[in-house]
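Engineer: Structure: start-v1.txt, compact mmCIF, C-alpha atoms.
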# COMPACT_ATOMS: atom_id res chain seq x y z
CA MET A 389 70.25 75.19 146.62
CA SER A 390 68.01 73.49 149.11
CA LYS A 391 65.51 70.72 148.61
CA LEU A 392 61.95 71.75 149.41
CA GLU A 393 59.28 69.60 151.03
CA ILE A 394 56.52 68.45 148.67
CA ILE A 395 53.11 68.57 150.31
CA THR A 396 50.72 65.67 149.71
CA LEU A 397 47.05 64.84 149.94
CA PRO A 398 45.02 65.59 152.00
CA ASP A 399 46.79 68.95 152.58
CA PRO A 400 44.09 71.59 151.89
CA LEU A 401 46.67 73.94 150.39
CA LEU A 402 46.63 71.75 147.25
CA ARG A 403 43.09 73.02 146.60
CA LYS A 404 44.07 76.69 146.94
CA GLN A 405 44.15 79.02 143.93
CA SER A 406 47.70 80.36 143.48
CA ALA A 407 48.33 84.11 143.43
CA LYS A 408 49.73 85.92 140.41
CA VAL A 409 53.46 86.73 140.59
CA GLU A 410 54.08 90.48 140.42
CA ARG A 411 57.70 90.39 139.27
CA VAL A 412 60.54 88.04 138.46
CA ASP A 413 63.46 88.74 140.78
CA ASP A 414 66.37 86.87 142.36
CA ASP A 415 64.16 85.48 145.15
CA LEU A 416 61.73 84.02 142.61
CA ARG A 417 64.58 82.59 140.51
CA ARG A 418 66.03 80.98 143.67
CA LEU A 419 62.61 79.48 144.45
CA MET A 420 62.34 78.10 140.91
CA ASP A 421 65.87 76.65 141.10
CA ASP A 422 65.00 75.00 144.44
CA MET A 423 61.76 73.68 142.93
CA LEU A 424 63.67 72.24 139.99
CA GLU A 425 66.21 70.53 142.27
CA THR A 426 63.32 69.14 144.35
CA MET A 427 61.55 67.90 141.22
CA TYR A 428 64.66 66.17 139.87
CA GLU A 429 65.38 64.57 143.23
CA ALA A 430 61.79 63.30 143.69
CA PRO A 431 62.02 62.31 140.70
CA GLY A 432 59.37 64.01 138.61
CA ILE A 433 58.93 65.93 135.37
CA GLY A 434 56.86 68.86 136.65
CA LEU A 435 56.29 70.78 139.87
CA ALA A 436 54.04 73.74 140.71
CA GLY A 437 54.74 76.24 143.48
CA ILE A 438 51.67 75.17 145.44
CA GLN A 439 53.15 71.66 145.72
CA VAL A 440 55.98 73.07 147.85
CA ALA A 441 53.51 75.15 149.91
CA VAL A 442 54.14 78.36 147.91
CA PRO A 443 50.76 79.47 146.52
CA ARG A 444 52.20 81.56 143.67
CA ARG A 445 51.67 81.03 139.93
CA VAL A 446 55.03 79.46 139.16
CA LEU A 447 55.99 76.04 137.81
CA VAL A 448 59.01 74.14 136.57
CA MET A 449 59.21 71.11 134.31
CA ASP A 450 61.55 69.00 132.27
CA VAL A 451 59.68 66.43 130.20
CA GLY A 452 62.86 64.82 128.87
CA PHE A 453 64.11 64.04 132.38
CA GLY A 454 61.87 61.00 132.79
CA ASP A 455 62.80 59.52 129.39
CA GLN A 456 66.06 57.79 130.30
CA ASP A 457 66.45 54.08 129.56
CA ASP A 458 66.77 51.67 132.47
CA GLU A 459 70.01 50.39 130.88
CA ASP A 460 71.55 53.85 131.16
CA GLU A 461 70.66 54.50 134.80
CA ASP A 462 74.30 55.36 135.56
CA VAL A 463 74.21 58.10 132.91
CA GLU A 464 72.90 61.47 134.10
CA PRO A 465 69.97 62.40 131.82
CA GLU A 466 70.25 65.56 129.72
CA LYS A 467 68.46 68.37 131.55
CA ASP A 468 66.34 70.88 129.64
CA PRO A 469 64.26 72.72 132.26
CA ILE A 470 61.37 75.03 131.50
CA TYR A 471 60.43 77.75 134.00
CA MET A 472 56.96 79.33 133.78
CA VAL A 473 55.67 82.30 135.73
CA ASN A 474 51.97 83.23 135.50
CA PRO A 475 51.31 80.63 132.78
CA GLU A 476 47.98 80.68 131.01
CA ILE A 477 46.60 78.38 128.37
CA LEU A 478 45.55 80.41 125.34
CA SER A 479 44.05 77.53 123.36
CA ARG A 480 43.65 73.76 123.39
CA GLY A 481 43.35 71.40 120.45
CA THR A 482 40.33 69.22 119.83
CA GLU A 483 42.28 65.95 119.41
CA MET A 484 42.49 64.20 122.76
CA ARG A 485 45.40 62.18 124.18
CA LEU A 486 45.21 59.49 126.86
CA HIS A 487 48.23 59.39 129.17
CA GLU A 488 48.97 57.70 132.47
CA GLU A 489 49.49 60.54 134.93
CA GLY A 490 50.94 60.57 138.40
CA CYS A 491 51.69 63.38 140.80
CA LEU A 492 54.40 64.08 143.35
CA SER A 493 51.65 65.31 145.73
CA ILE A 494 49.69 62.06 145.32
CA PRO A 495 52.48 59.48 145.53
CA GLU A 496 52.05 56.00 144.07
CA VAL A 497 48.71 56.82 142.42
CA PHE A 498 48.52 56.65 138.63
CA ALA A 499 45.55 56.93 136.29
CA GLU A 500 44.82 57.25 132.59
CA ILE A 501 43.72 60.86 132.02
CA GLU A 502 42.45 62.30 128.75
CA ARG A 503 43.56 65.83 127.85
CA PRO A 504 43.95 67.80 124.62
CA ASN A 505 47.05 66.64 122.71
CA VAL A 506 48.08 70.23 121.93
CA CYS A 507 47.84 73.55 123.70
CA GLN A 508 49.26 77.04 123.33
CA VAL A 509 50.57 78.63 126.54
CA ARG A 510 51.70 82.16 127.40
CA TYR A 511 54.04 82.71 130.34
CA ILE A 512 56.89 84.78 131.71
CA ASP A 513 60.25 83.01 131.61
CA ARG A 514 63.03 82.89 134.21
CA ASP A 515 64.48 86.16 132.85
CA GLY A 516 61.18 88.04 133.06
CA GLU A 517 60.44 87.86 129.31
CA MET A 518 56.92 87.16 128.00
CA ARG A 519 56.87 83.98 125.90
CA GLU A 520 54.41 81.78 124.06
CA MET A 521 54.92 78.08 123.45
CA ALA A 522 53.10 75.51 121.34
CA CYS A 523 52.96 72.28 123.34
CA GLU A 524 52.23 68.81 122.00
CA GLY A 525 52.04 65.30 123.42
CA LEU A 526 53.67 64.82 126.82
CA LEU A 527 54.66 68.50 127.07
CA SER A 528 51.02 69.51 126.55
CA THR A 529 49.89 67.03 129.22
CA VAL A 530 52.46 68.26 131.76
CA VAL A 531 51.69 71.95 131.12
CA GLN A 532 47.96 71.33 131.63
CA HIS A 533 48.58 69.17 134.73
CA GLU A 534 50.81 71.82 136.37
CA ILE A 535 48.54 74.75 135.49
CA ASP A 536 45.66 72.76 137.01
CA HIS A 537 47.70 72.72 140.26
CA LEU A 538 47.92 76.51 140.15
CA ASN A 539 44.11 76.56 139.94
CA GLY A 540 43.62 74.14 142.86
CA LYS A 541 42.75 71.20 140.63
CA LEU A 542 44.33 67.73 140.84
CA PHE A 543 44.56 65.03 138.17
CA ILE A 544 42.31 62.80 140.29
CA ASP A 545 39.53 65.33 139.68
CA TYR A 546 39.28 63.86 136.15
CA LEU A 547 38.43 60.43 137.61
CA SER A 548 34.97 59.20 138.48
CA ARG A 549 33.71 60.39 141.85
CA LEU A 550 34.03 56.88 143.27
CA LYS A 551 37.69 56.46 142.22
CA ARG A 552 38.60 60.00 143.37
CA ASP A 553 36.94 59.46 146.76
CA MET A 554 38.81 56.17 147.19
CA VAL A 555 42.16 57.90 146.56
CA ILE A 556 41.35 60.74 148.95
CA LYS A 557 40.11 58.32 151.64
CA LYS A 558 43.37 56.34 151.35
CA PHE A 559 45.48 59.47 151.94
CA VAL A 560 43.29 60.73 154.80
CA LYS A 561 43.55 57.31 156.49
CA SER A 562 47.32 57.29 155.95
CA LYS A 563 47.68 60.76 157.53
CA LYS A 564 45.63 59.67 160.54
CA SER A 565 47.78 56.58 161.09
CA ASP A 566 50.95 58.74 160.72
CA ALA A 567 49.61 61.08 163.40
CA VAL A 568 48.98 58.17 165.79
CA VAL A 569 52.53 56.85 165.32
CA ALA A 570 54.20 60.27 165.69
Mind converting the file's structure to structure tokens?
Structural biologist:
Amino acid sequence: MSKLEIITLPDPLLRKQSAKVERVDDDLRRLMDDMLETMYEAPGIGLAGIQVAVPRRVLVMDVGFGDQDDEDEDVEPEKDPIYMVNPEILSRGTEMRLHEEGCLSIPEVFAEIERPNVCQVRYIDRDGEMREMACEGLLSTVVQHEIDHLNGKLFIDYLSRLKRDMVIKKFVKSKKSDAVVA
């Protein structure tokens, strides 16, 4: 497996709507495996295809991966990956949950975001089987965050315009200074 490059703000591809996947085949499974390896290495708990410059409706996640104790940093965390192809949220609960979110495509930026605590999602799994999953708590947050990516939406879009513009300006300025150095 190879590690993929994660694109970051202000890359315009992050705002692109991802295309529906027509079939699950070995190439797609290889992409998802590479995405998962990239996510674990980053480290993160979710990654959408668009974040590795592949605008297809595919995502991987493992919400337990980020739950290891600092004391046990030498112990490899138990991996329980979830692969979703063409995921769609069927319903969302009315009870809201506040959670500090971050994003591998917006490094070192974190913000409290309010999302429904539960959601029901339909998707195709790694083997090409249609599935439905009830998601709650952190899993619900991550599913909604990653599906937002597939729709060209970022977690900073839930912030006030002023805060969002400050984050974007910071990344645009950083890209410009990188270009001058390179």
Engineer: For Arg519 in chain A, which residue out of A:Phe543, A:Arg418, A:Ile535, A:Tyr471 is the nearest one, using all atoms listed in the file?
Structural biologist: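 Counting all atoms listed in the file, the residue closest to Arg519 in chain A is A:Tyr471.
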Engineer: Name the closest residue to Ala430 in chain A among the candidates A:Glu410, A:Asp468, A:Arg417, A:Leu492; distances are taken between atoms, counting only C-alpha atoms.
Structural biologist: A:Leu492
Engineer: Can you tell me which residues surround Val531 in chain A at a distance of at most 9 Å, considering only C-alpha atoms, apart from same-chain residues fewer than 6 positions away, and format the answer as a PDB file with C-alpha atoms, in the coordinates of the input?
Structural biologist:
ATOM      1  CA  GLY A 434      56.860  68.860 136.650  1.00  0.00           C
ATOM      2  CA  LEU A 447      55.990  76.040 137.810  1.00  0.00           C
ATOM      3  CA  MET A 449      59.210  71.110 134.310  1.00  0.00           C
ATOM      4  CA  PRO A 475      51.310  80.630 132.780  1.00  0.00           C
ATOM      5  CA  ILE A 477      46.600  78.380 128.370  1.00  0.00           C
ATOM      6  CA  CYS A 507      47.840  73.550 123.700  1.00  0.00           C
ATOM      7  CA  VAL A 509      50.570  78.630 126.540  1.00  0.00           C
ATOM      8  CA  CYS A 523      52.960  72.280 123.340  1.00  0.00           C
TER       9      CYS A 523
END
Engineer: Can you work out the spacing between CA of Asp413 in chain A and CA of Val446 in chain A in Å, to one decimal?
Structural biologist: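 Distance reported for this atom pair: 12.6 Å.
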Engineer: Around range 503-510 of chain A, with edges along x, y and z and 5 Å added on all six sides, what centre and edge lengths do you get, in Å to one decimal, as JSON?
Structural biologist:
{"center_x": 47.6, "center_y": 74.0, "center_z": 124.9, "size_x": 18.1, "size_y": 26.3, "size_z": 15.9}
Engineer: What does the structure give for the distance between CA of Lys551 in chain A and CA of Leu526 in chain A, in Å to one decimal?
Structural biologist: 23.7 Å
Engineer: Could you name the residues that touch Val497 in chain A at 12 Å or less, counting all atoms listed in the file, but leaving out those on the same chain fewer than 3 positions away, as a PDB file with C-alpha atoms, in the frame of the given file?
Structural biologist:
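around_17.pdb was written with the following content:
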ATOM      1  CA  THR A 396      50.720  65.670 149.710  1.00  0.00           C
ATOM      2  CA  LEU A 397      47.050  64.840 149.940  1.00  0.00           C
ATOM      3  CA  GLU A 488      48.970  57.700 132.470  1.00  0.00           C
ATOM      4  CA  GLU A 489      49.490  60.540 134.930  1.00  0.00           C
ATOM      5  CA  GLY A 490      50.940  60.570 138.400  1.00  0.00           C
ATOM      6  CA  CYS A 491      51.690  63.380 140.800  1.00  0.00           C
ATOM      7  CA  LEU A 492      54.400  64.080 143.350  1.00  0.00           C
ATOM      8  CA  SER A 493      51.650  65.310 145.730  1.00  0.00           C
ATOM      9  CA  ILE A 494      49.690  62.060 145.320  1.00  0.00           C
ATOM     10  CA  GLU A 500      44.820  57.250 132.590  1.00  0.00           C
ATOM     11  CA  LEU A 542      44.330  67.730 140.840  1.00  0.00           C
ATOM     12  CA  PHE A 543      44.560  65.030 138.170  1.00  0.00           C
ATOM     13  CA  ILE A 544      42.310  62.800 140.290  1.00  0.00           C
ATOM     14  CA  LEU A 547      38.430  60.430 137.610  1.00  0.00           C
ATOM     15  CA  LYS A 551      37.690  56.460 142.220  1.00  0.00           C
ATOM     16  CA  ARG A 552      38.600  60.000 143.370  1.00  0.00           C
ATOM     17  CA  MET A 554      38.810  56.170 147.190  1.00  0.00           C
ATOM     18  CA  VAL A 555      42.160  57.900 146.560  1.00  0.00           C
ATOM     19  CA  ILE A 556      41.350  60.740 148.950  1.00  0.00           C
ATOM     20  CA  LYS A 558      43.370  56.340 151.350  1.00  0.00           C
ATOM     21  CA  PHE A 559      45.480  59.470 151.940  1.00  0.00           C
TER      22      PHE A 559
END
Engineer: I'd like to know which of A:Asn539, A:Gln508, A:Ser528, A:Thr426 is closest to Glu393 in chain A, using all atoms listed in the file.
Structural biologist: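 Going through A:Asn539, A:Gln508, A:Ser528, A:Thr426 one by one, the smallest distance to Glu393 in chain A is for A:Thr426.
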Engineer: One number please: CA of Val440 in chain A to CA of Arg480 in chain A, in Å, one decimal.
Structural biologist: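 CA of Val440 in chain A sits 27.4 Å away from CA of Arg480 in chain A.
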Engineer: Let me make sure I understand: among A:Val560, A:Leu527, A:Met518, A:Ala407, which one has the smallest atom-to-atom distance to Val442 in chain A if we use only C-alpha atoms?
Structural biologist: A:Ala407
Engineer: Tell me which of A:Gln405, A:Ser548, A:Asn474, A:Asn505 sits closest to Ala441 in chain A, counting all atoms listed in the file.
Structural biologist: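 Answer, going by the shortest atom-to-atom distance: A:Gln405.
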Engineer: Could you tell me which of A:Lys467, A:Arg514, A:Glu476, A:Pro400 comes closest to Asp415 in chain A if we count all atoms listed in the file?
Structural biologist: A:Arg514
